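Engineer: Contents of query04.cif (mmCIF, N, CA and C atoms) are below:
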data_upload
#
loop_
_atom_site.group_PDB
_atom_site.id
_atom_site.type_symbol
_atom_site.label_atom_id
_atom_site.label_comp_id
_atom_site.auth_asym_id
_atom_site.auth_seq_id
_atom_site.Cartn_x
_atom_site.Cartn_y
_atom_site.Cartn_z
ATOM 1 N N MET A 36 20.669 -0.457 25.149
ATOM 2 C CA MET A 36 19.222 -0.437 25.179
ATOM 3 C C MET A 36 18.702 -0.772 23.781
ATOM 4 N N LYS A 37 17.820 -1.739 23.716
ATOM 5 C CA LYS A 37 17.271 -2.155 22.432
ATOM 6 C C LYS A 37 16.029 -1.340 22.096
ATOM 7 N N GLU A 38 15.943 -0.970 20.825
ATOM 8 C CA GLU A 38 14.748 -0.274 20.358
ATOM 9 C C GLU A 38 13.698 -1.294 19.963
ATOM 10 N N LYS A 39 12.453 -1.001 20.285
ATOM 11 C CA LYS A 39 11.372 -1.869 19.857
ATOM 12 C C LYS A 39 11.048 -1.570 18.411
ATOM 13 N N LEU A 40 10.916 -2.612 17.633
ATOM 14 C CA LEU A 40 10.510 -2.460 16.244
ATOM 15 C C LEU A 40 9.016 -2.745 16.140
ATOM 16 N N HIS A 41 8.363 -2.007 15.307
ATOM 17 C CA HIS A 41 6.925 -2.171 15.121
ATOM 18 C C HIS A 41 6.654 -2.597 13.689
ATOM 19 N N ASN A 42 5.654 -3.423 13.531
ATOM 20 C CA ASN A 42 5.242 -3.803 12.182
ATOM 21 C C ASN A 42 4.598 -2.610 11.509
ATOM 22 N N TYR A 43 4.944 -2.401 10.279
ATOM 23 C CA TYR A 43 4.395 -1.289 9.518
ATOM 24 C C TYR A 43 3.749 -1.845 8.258
ATOM 25 N N ASP A 44 2.512 -1.484 8.033
ATOM 26 C CA ASP A 44 1.805 -1.905 6.830
ATOM 27 C C ASP A 44 1.567 -0.663 5.976
ATOM 28 N N PRO A 45 2.280 -0.518 4.864
ATOM 29 C CA PRO A 45 2.122 0.670 4.035
ATOM 30 C C PRO A 45 0.714 0.822 3.471
ATOM 31 N N ALA A 46 -0.042 -0.256 3.418
ATOM 32 C CA ALA A 46 -1.413 -0.173 2.903
ATOM 33 C C ALA A 46 -2.272 0.753 3.758
ATOM 34 N N THR A 47 -1.955 0.886 5.038
ATOM 35 C CA THR A 47 -2.751 1.745 5.901
ATOM 36 C C THR A 47 -2.610 3.225 5.545
ATOM 37 N N ASP A 48 -1.501 3.584 4.898
ATOM 38 C CA ASP A 48 -1.291 4.982 4.509
ATOM 39 C C ASP A 48 -1.821 5.296 3.119
ATOM 40 N N LEU A 49 -2.207 4.281 2.378
ATOM 41 C CA LEU A 49 -2.776 4.497 1.042
ATOM 42 C C LEU A 49 -4.282 4.647 1.216
ATOM 43 N N ASP A 50 -4.694 5.848 1.600
ATOM 44 C CA ASP A 50 -6.070 6.062 2.023
ATOM 45 C C ASP A 50 -6.955 6.733 0.972
ATOM 46 N N SER A 51 -6.515 6.711 -0.272
ATOM 47 C CA SER A 51 -7.333 7.256 -1.363
ATOM 48 C C SER A 51 -6.888 6.617 -2.678
ATOM 49 N N PRO A 52 -7.772 6.623 -3.664
ATOM 50 C CA PRO A 52 -7.371 6.097 -4.969
ATOM 51 C C PRO A 52 -6.166 6.840 -5.549
ATOM 52 N N GLU A 53 -6.075 8.125 -5.278
ATOM 53 C CA GLU A 53 -4.955 8.922 -5.785
ATOM 54 C C GLU A 53 -3.645 8.483 -5.149
ATOM 55 N N ALA A 54 -3.673 8.192 -3.848
ATOM 56 C CA ALA A 54 -2.464 7.734 -3.153
ATOM 57 C C ALA A 54 -2.003 6.390 -3.709
ATOM 58 N N ILE A 55 -2.948 5.512 -3.978
ATOM 59 C CA ILE A 55 -2.618 4.208 -4.558
ATOM 60 C C ILE A 55 -2.026 4.388 -5.949
ATOM 61 N N GLU A 56 -2.601 5.293 -6.717
ATOM 62 C CA GLU A 56 -2.106 5.553 -8.074
ATOM 63 C C GLU A 56 -0.658 6.054 -8.048
ATOM 64 N N ILE A 57 -0.354 6.971 -7.161
ATOM 65 C CA ILE A 57 1.001 7.506 -7.046
ATOM 66 C C ILE A 57 1.964 6.412 -6.592
ATOM 67 N N PHE A 58 1.532 5.613 -5.639
ATOM 68 C CA PHE A 58 2.343 4.508 -5.135
ATOM 69 C C PHE A 58 2.682 3.531 -6.257
ATOM 70 N N MET A 59 1.683 3.179 -7.069
ATOM 71 C CA MET A 59 1.905 2.224 -8.149
ATOM 72 C C MET A 59 2.752 2.835 -9.267
ATOM 73 N N ALA A 60 2.564 4.104 -9.543
ATOM 74 C CA ALA A 60 3.373 4.765 -10.571
ATOM 75 C C ALA A 60 4.850 4.714 -10.181
ATOM 76 N N ASP A 61 5.119 4.947 -8.906
ATOM 77 C CA ASP A 61 6.489 4.881 -8.417
ATOM 78 C C ASP A 61 7.047 3.468 -8.571
ATOM 79 N N ALA A 62 6.238 2.479 -8.259
ATOM 80 C CA ALA A 62 6.687 1.087 -8.386
ATOM 81 C C ALA A 62 7.024 0.751 -9.837
ATOM 82 N N PHE A 63 6.161 1.148 -10.767
ATOM 83 C CA PHE A 63 6.407 0.846 -12.172
ATOM 84 C C PHE A 63 7.624 1.597 -12.707
ATOM 85 N N GLU A 64 7.870 2.791 -12.192
ATOM 86 C CA GLU A 64 9.061 3.543 -12.611
ATOM 87 C C GLU A 64 10.342 2.841 -12.209
ATOM 88 N N SER A 65 10.287 2.052 -11.136
ATOM 89 C CA SER A 65 11.493 1.356 -10.679
ATOM 90 C C SER A 65 11.943 0.301 -11.683
ATOM 91 N N GLY A 66 10.992 -0.283 -12.402
ATOM 92 C CA GLY A 66 11.334 -1.322 -13.363
ATOM 93 C C GLY A 66 11.699 -2.651 -12.724
ATOM 94 N N ASP A 67 11.603 -2.748 -11.418
ATOM 95 C CA ASP A 67 11.954 -3.962 -10.678
ATOM 96 C C ASP A 67 10.709 -4.828 -10.527
ATOM 97 N N ALA A 68 10.715 -5.990 -11.183
ATOM 98 C CA ALA A 68 9.530 -6.852 -11.201
ATOM 99 C C ALA A 68 9.115 -7.306 -9.799
ATOM 100 N N ALA A 69 10.069 -7.621 -8.952
ATOM 101 C CA ALA A 69 9.753 -8.059 -7.595
ATOM 102 C C ALA A 69 9.124 -6.921 -6.787
ATOM 103 N N TYR A 70 9.659 -5.730 -6.957
ATOM 104 C CA TYR A 70 9.113 -4.561 -6.251
ATOM 105 C C TYR A 70 7.697 -4.263 -6.744
ATOM 106 N N ILE A 71 7.484 -4.364 -8.039
ATOM 107 C CA ILE A 71 6.154 -4.121 -8.611
ATOM 108 C C ILE A 71 5.161 -5.145 -8.092
ATOM 109 N N ALA A 72 5.558 -6.411 -8.037
ATOM 110 C CA ALA A 72 4.678 -7.467 -7.532
ATOM 111 C C ALA A 72 4.295 -7.206 -6.080
ATOM 112 N N LYS A 73 5.258 -6.808 -5.256
ATOM 113 C CA LYS A 73 4.971 -6.500 -3.849
ATOM 114 C C LYS A 73 4.071 -5.274 -3.746
ATOM 115 N N ALA A 74 4.313 -4.273 -4.576
ATOM 116 C CA ALA A 74 3.482 -3.065 -4.563
ATOM 117 C C ALA A 74 2.045 -3.388 -4.957
ATOM 118 N N LEU A 75 1.873 -4.297 -5.906
ATOM 119 C CA LEU A 75 0.518 -4.711 -6.299
ATOM 120 C C LEU A 75 -0.215 -5.374 -5.134
ATOM 121 N N GLN A 76 0.493 -6.181 -4.373
ATOM 122 C CA GLN A 76 -0.124 -6.811 -3.196
ATOM 123 C C GLN A 76 -0.545 -5.752 -2.174
ATOM 124 N N ILE A 77 0.319 -4.790 -1.954
ATOM 125 C CA ILE A 77 0.021 -3.718 -1.003
ATOM 126 C C ILE A 77 -1.164 -2.891 -1.495
ATOM 127 N N ALA A 78 -1.184 -2.566 -2.782
ATOM 128 C CA ALA A 78 -2.275 -1.778 -3.349
ATOM 129 C C ALA A 78 -3.600 -2.535 -3.256
ATOM 130 N N ASP A 79 -3.577 -3.834 -3.504
ATOM 131 C CA ASP A 79 -4.798 -4.633 -3.375
ATOM 132 C C ASP A 79 -5.318 -4.612 -1.944
ATOM 133 N N ARG A 80 -4.396 -4.733 -0.978
ATOM 134 C CA ARG A 80 -4.798 -4.683 0.423
ATOM 135 C C ARG A 80 -5.372 -3.308 0.772
ATOM 136 N N ALA A 81 -4.769 -2.256 0.252
ATOM 137 C CA ALA A 81 -5.257 -0.899 0.508
ATOM 138 C C ALA A 81 -6.648 -0.700 -0.090
ATOM 139 N N LYS A 82 -6.861 -1.226 -1.308
ATOM 140 C CA LYS A 82 -8.183 -1.105 -1.942
ATOM 141 C C LYS A 82 -9.236 -1.836 -1.126
ATOM 142 N N SER A 83 -8.893 -3.005 -0.605
ATOM 143 C CA SER A 83 -9.825 -3.754 0.233
ATOM 144 C C SER A 83 -10.167 -2.987 1.502
ATOM 145 N N MET A 84 -9.153 -2.359 2.083
ATOM 146 C CA MET A 84 -9.389 -1.573 3.292
ATOM 147 C C MET A 84 -10.295 -0.383 3.004
ATOM 148 N N LEU A 85 -10.082 0.272 1.866
ATOM 149 C CA LEU A 85 -10.930 1.407 1.481
ATOM 150 C C LEU A 85 -12.372 0.965 1.269
ATOM 151 N N LEU A 86 -12.543 -0.167 0.613
ATOM 152 C CA LEU A 86 -13.881 -0.688 0.350
ATOM 153 C C LEU A 86 -14.603 -1.026 1.651
ATOM 154 N N ARG A 87 -13.886 -1.677 2.571
ATOM 155 C CA ARG A 87 -14.501 -1.998 3.869
ATOM 156 C C ARG A 87 -14.868 -0.739 4.642
ATOM 157 N N ALA A 88 -14.028 0.270 4.568
ATOM 158 C CA ALA A 88 -14.314 1.522 5.290
ATOM 159 C C ALA A 88 -15.537 2.203 4.707
ATOM 160 N N ARG A 89 -15.660 2.197 3.386
ATOM 161 C CA ARG A 89 -16.829 2.827 2.753
ATOM 162 C C ARG A 89 -18.102 2.048 3.070
ATOM 163 N N THR A 90 -18.013 0.727 3.075
ATOM 164 C CA THR A 90 -19.170 -0.112 3.353
ATOM 165 C C THR A 90 -19.630 0.056 4.800
ATOM 166 N N ALA A 91 -18.673 0.188 5.716
ATOM 167 C CA ALA A 91 -18.990 0.328 7.125
ATOM 168 C C ALA A 91 -19.582 1.694 7.448
ATOM 169 N N GLY A 92 -19.298 2.660 6.581
ATOM 170 C CA GLY A 92 -19.863 3.995 6.788
ATOM 171 C C GLY A 92 -18.937 4.815 7.567
#
Before anything else, please render the file you have as C-alpha cells.
Structural biologist:
Amino acid sequence: MKEKLHNYDPATDLDSPEAIEIFMADAFESGDAAYIAKALQIADRAKSMLLRARTAG
C-alpha cells in the first residue's frame, strides 16, 4: 500500500515575526549557504503571507 505524500510549505507555519526570526537564526547557525538561501526564500514567503493576512483583516 502506497502512502500519499502531501506538499508541505514551511512558510505556512511561520505565523509571527518571532517564528521567522527563530527559523532564520537556525538557518544561519547551520553555516550552509544553500540552506540559508532557501530559508530566506521561505521567510520572504512567510512575511508576504503575514502582510496579506493583516491587510485582509
Engineer: I'd like to know which residues of chain A are helix (DSSP H, G or I) (by DSSP, run on the backbone); could you write them as a ChimeraX atom specification?
Structural biologist: /A:45-48,52-65,68-91
Engineer: Find, counting only C-alpha atoms, the residue in A:Ala74, A:Ala88, A:Met36, A:Ala68 that gets nearest to Glu56 in chain A.
Structural biologist: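 Among A:Ala74, A:Ala88, A:Met36, A:Ala68, it is A:Ala74 that comes nearest to Glu56 in chain A.
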Engineer: In Å to one decimal, how far is atom C of Ala54 in chain A from CA of Ile77 in chain A?
Structural biologist: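 Those two atoms sit 10.7 Å apart.
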Engineer: Hey, which of A:Lys37, A:Asp44, A:Phe58, A:Met84 ends up closest to Tyr70 in chain A? Count only C-alpha atoms.
Structural biologist: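 Smallest separation from Tyr70 in chain A among the options: A:Phe58.
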Engineer: How many Å lie between CA of Ala62 in chain A and CA of Leu86 in chain A, rounded to one decimal?
Structural biologist: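 CA of Leu86 in chain A lies 22.4 Å from CA of Ala62 in chain A.
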Engineer: I'd like the neighbourhood of Asp79 in chain A as a list in words, where a residue qualifies if any of its atoms comes within 8 Å (using only N, CA and C atoms), though same-chain residues fewer than 6 positions away should be ignored.
Structural biologist: Ala46, Lys73 and Leu85 of chain A
Engineer: Can you translate the PyMOL selection byres ((chain A and resi 45) around 8) into the concrete residues it hits in this file, as a ChimeraX atom specification?
Structural biologist: /A:42-44,46-50,77-78,80-81
Engineer: In Å to one decimal, how far is CA of Ser83 in chain A from atom C of Asp67 in chain A?
Structural biologist: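 Computing it gives 23.2 Å between the two atoms.
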Engineer: Out of A:Glu38, A:Pro52, A:Ala60, A:Gly66, which residue has the shortest atom-to-atom distance to Lys82 in chain A when counting only C-alpha atoms?
Structural biologist: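 Distance minimum relative to Lys82 in chain A lands on A:Pro52.
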Engineer: Kindly list the centre and edge lengths in Å, rounded to one decimal, for the axis-aligned box that covers all listed atoms of range 73-76 of chain A plus 4 Å on each of its six sides, as JSON.
Structural biologist:
{"center_x": 2.4, "center_y": -4.9, "center_z": -4.2, "size_x": 13.8, "size_y": 11.7, "size_z": 12.1}
Engineer: Counting only N, CA and C atoms, which residue out of A:Ser51, A:Gly92, A:Met59, A:Lys39 sits closest to Leu75 in chain A?
Structural biologist: A:Met59
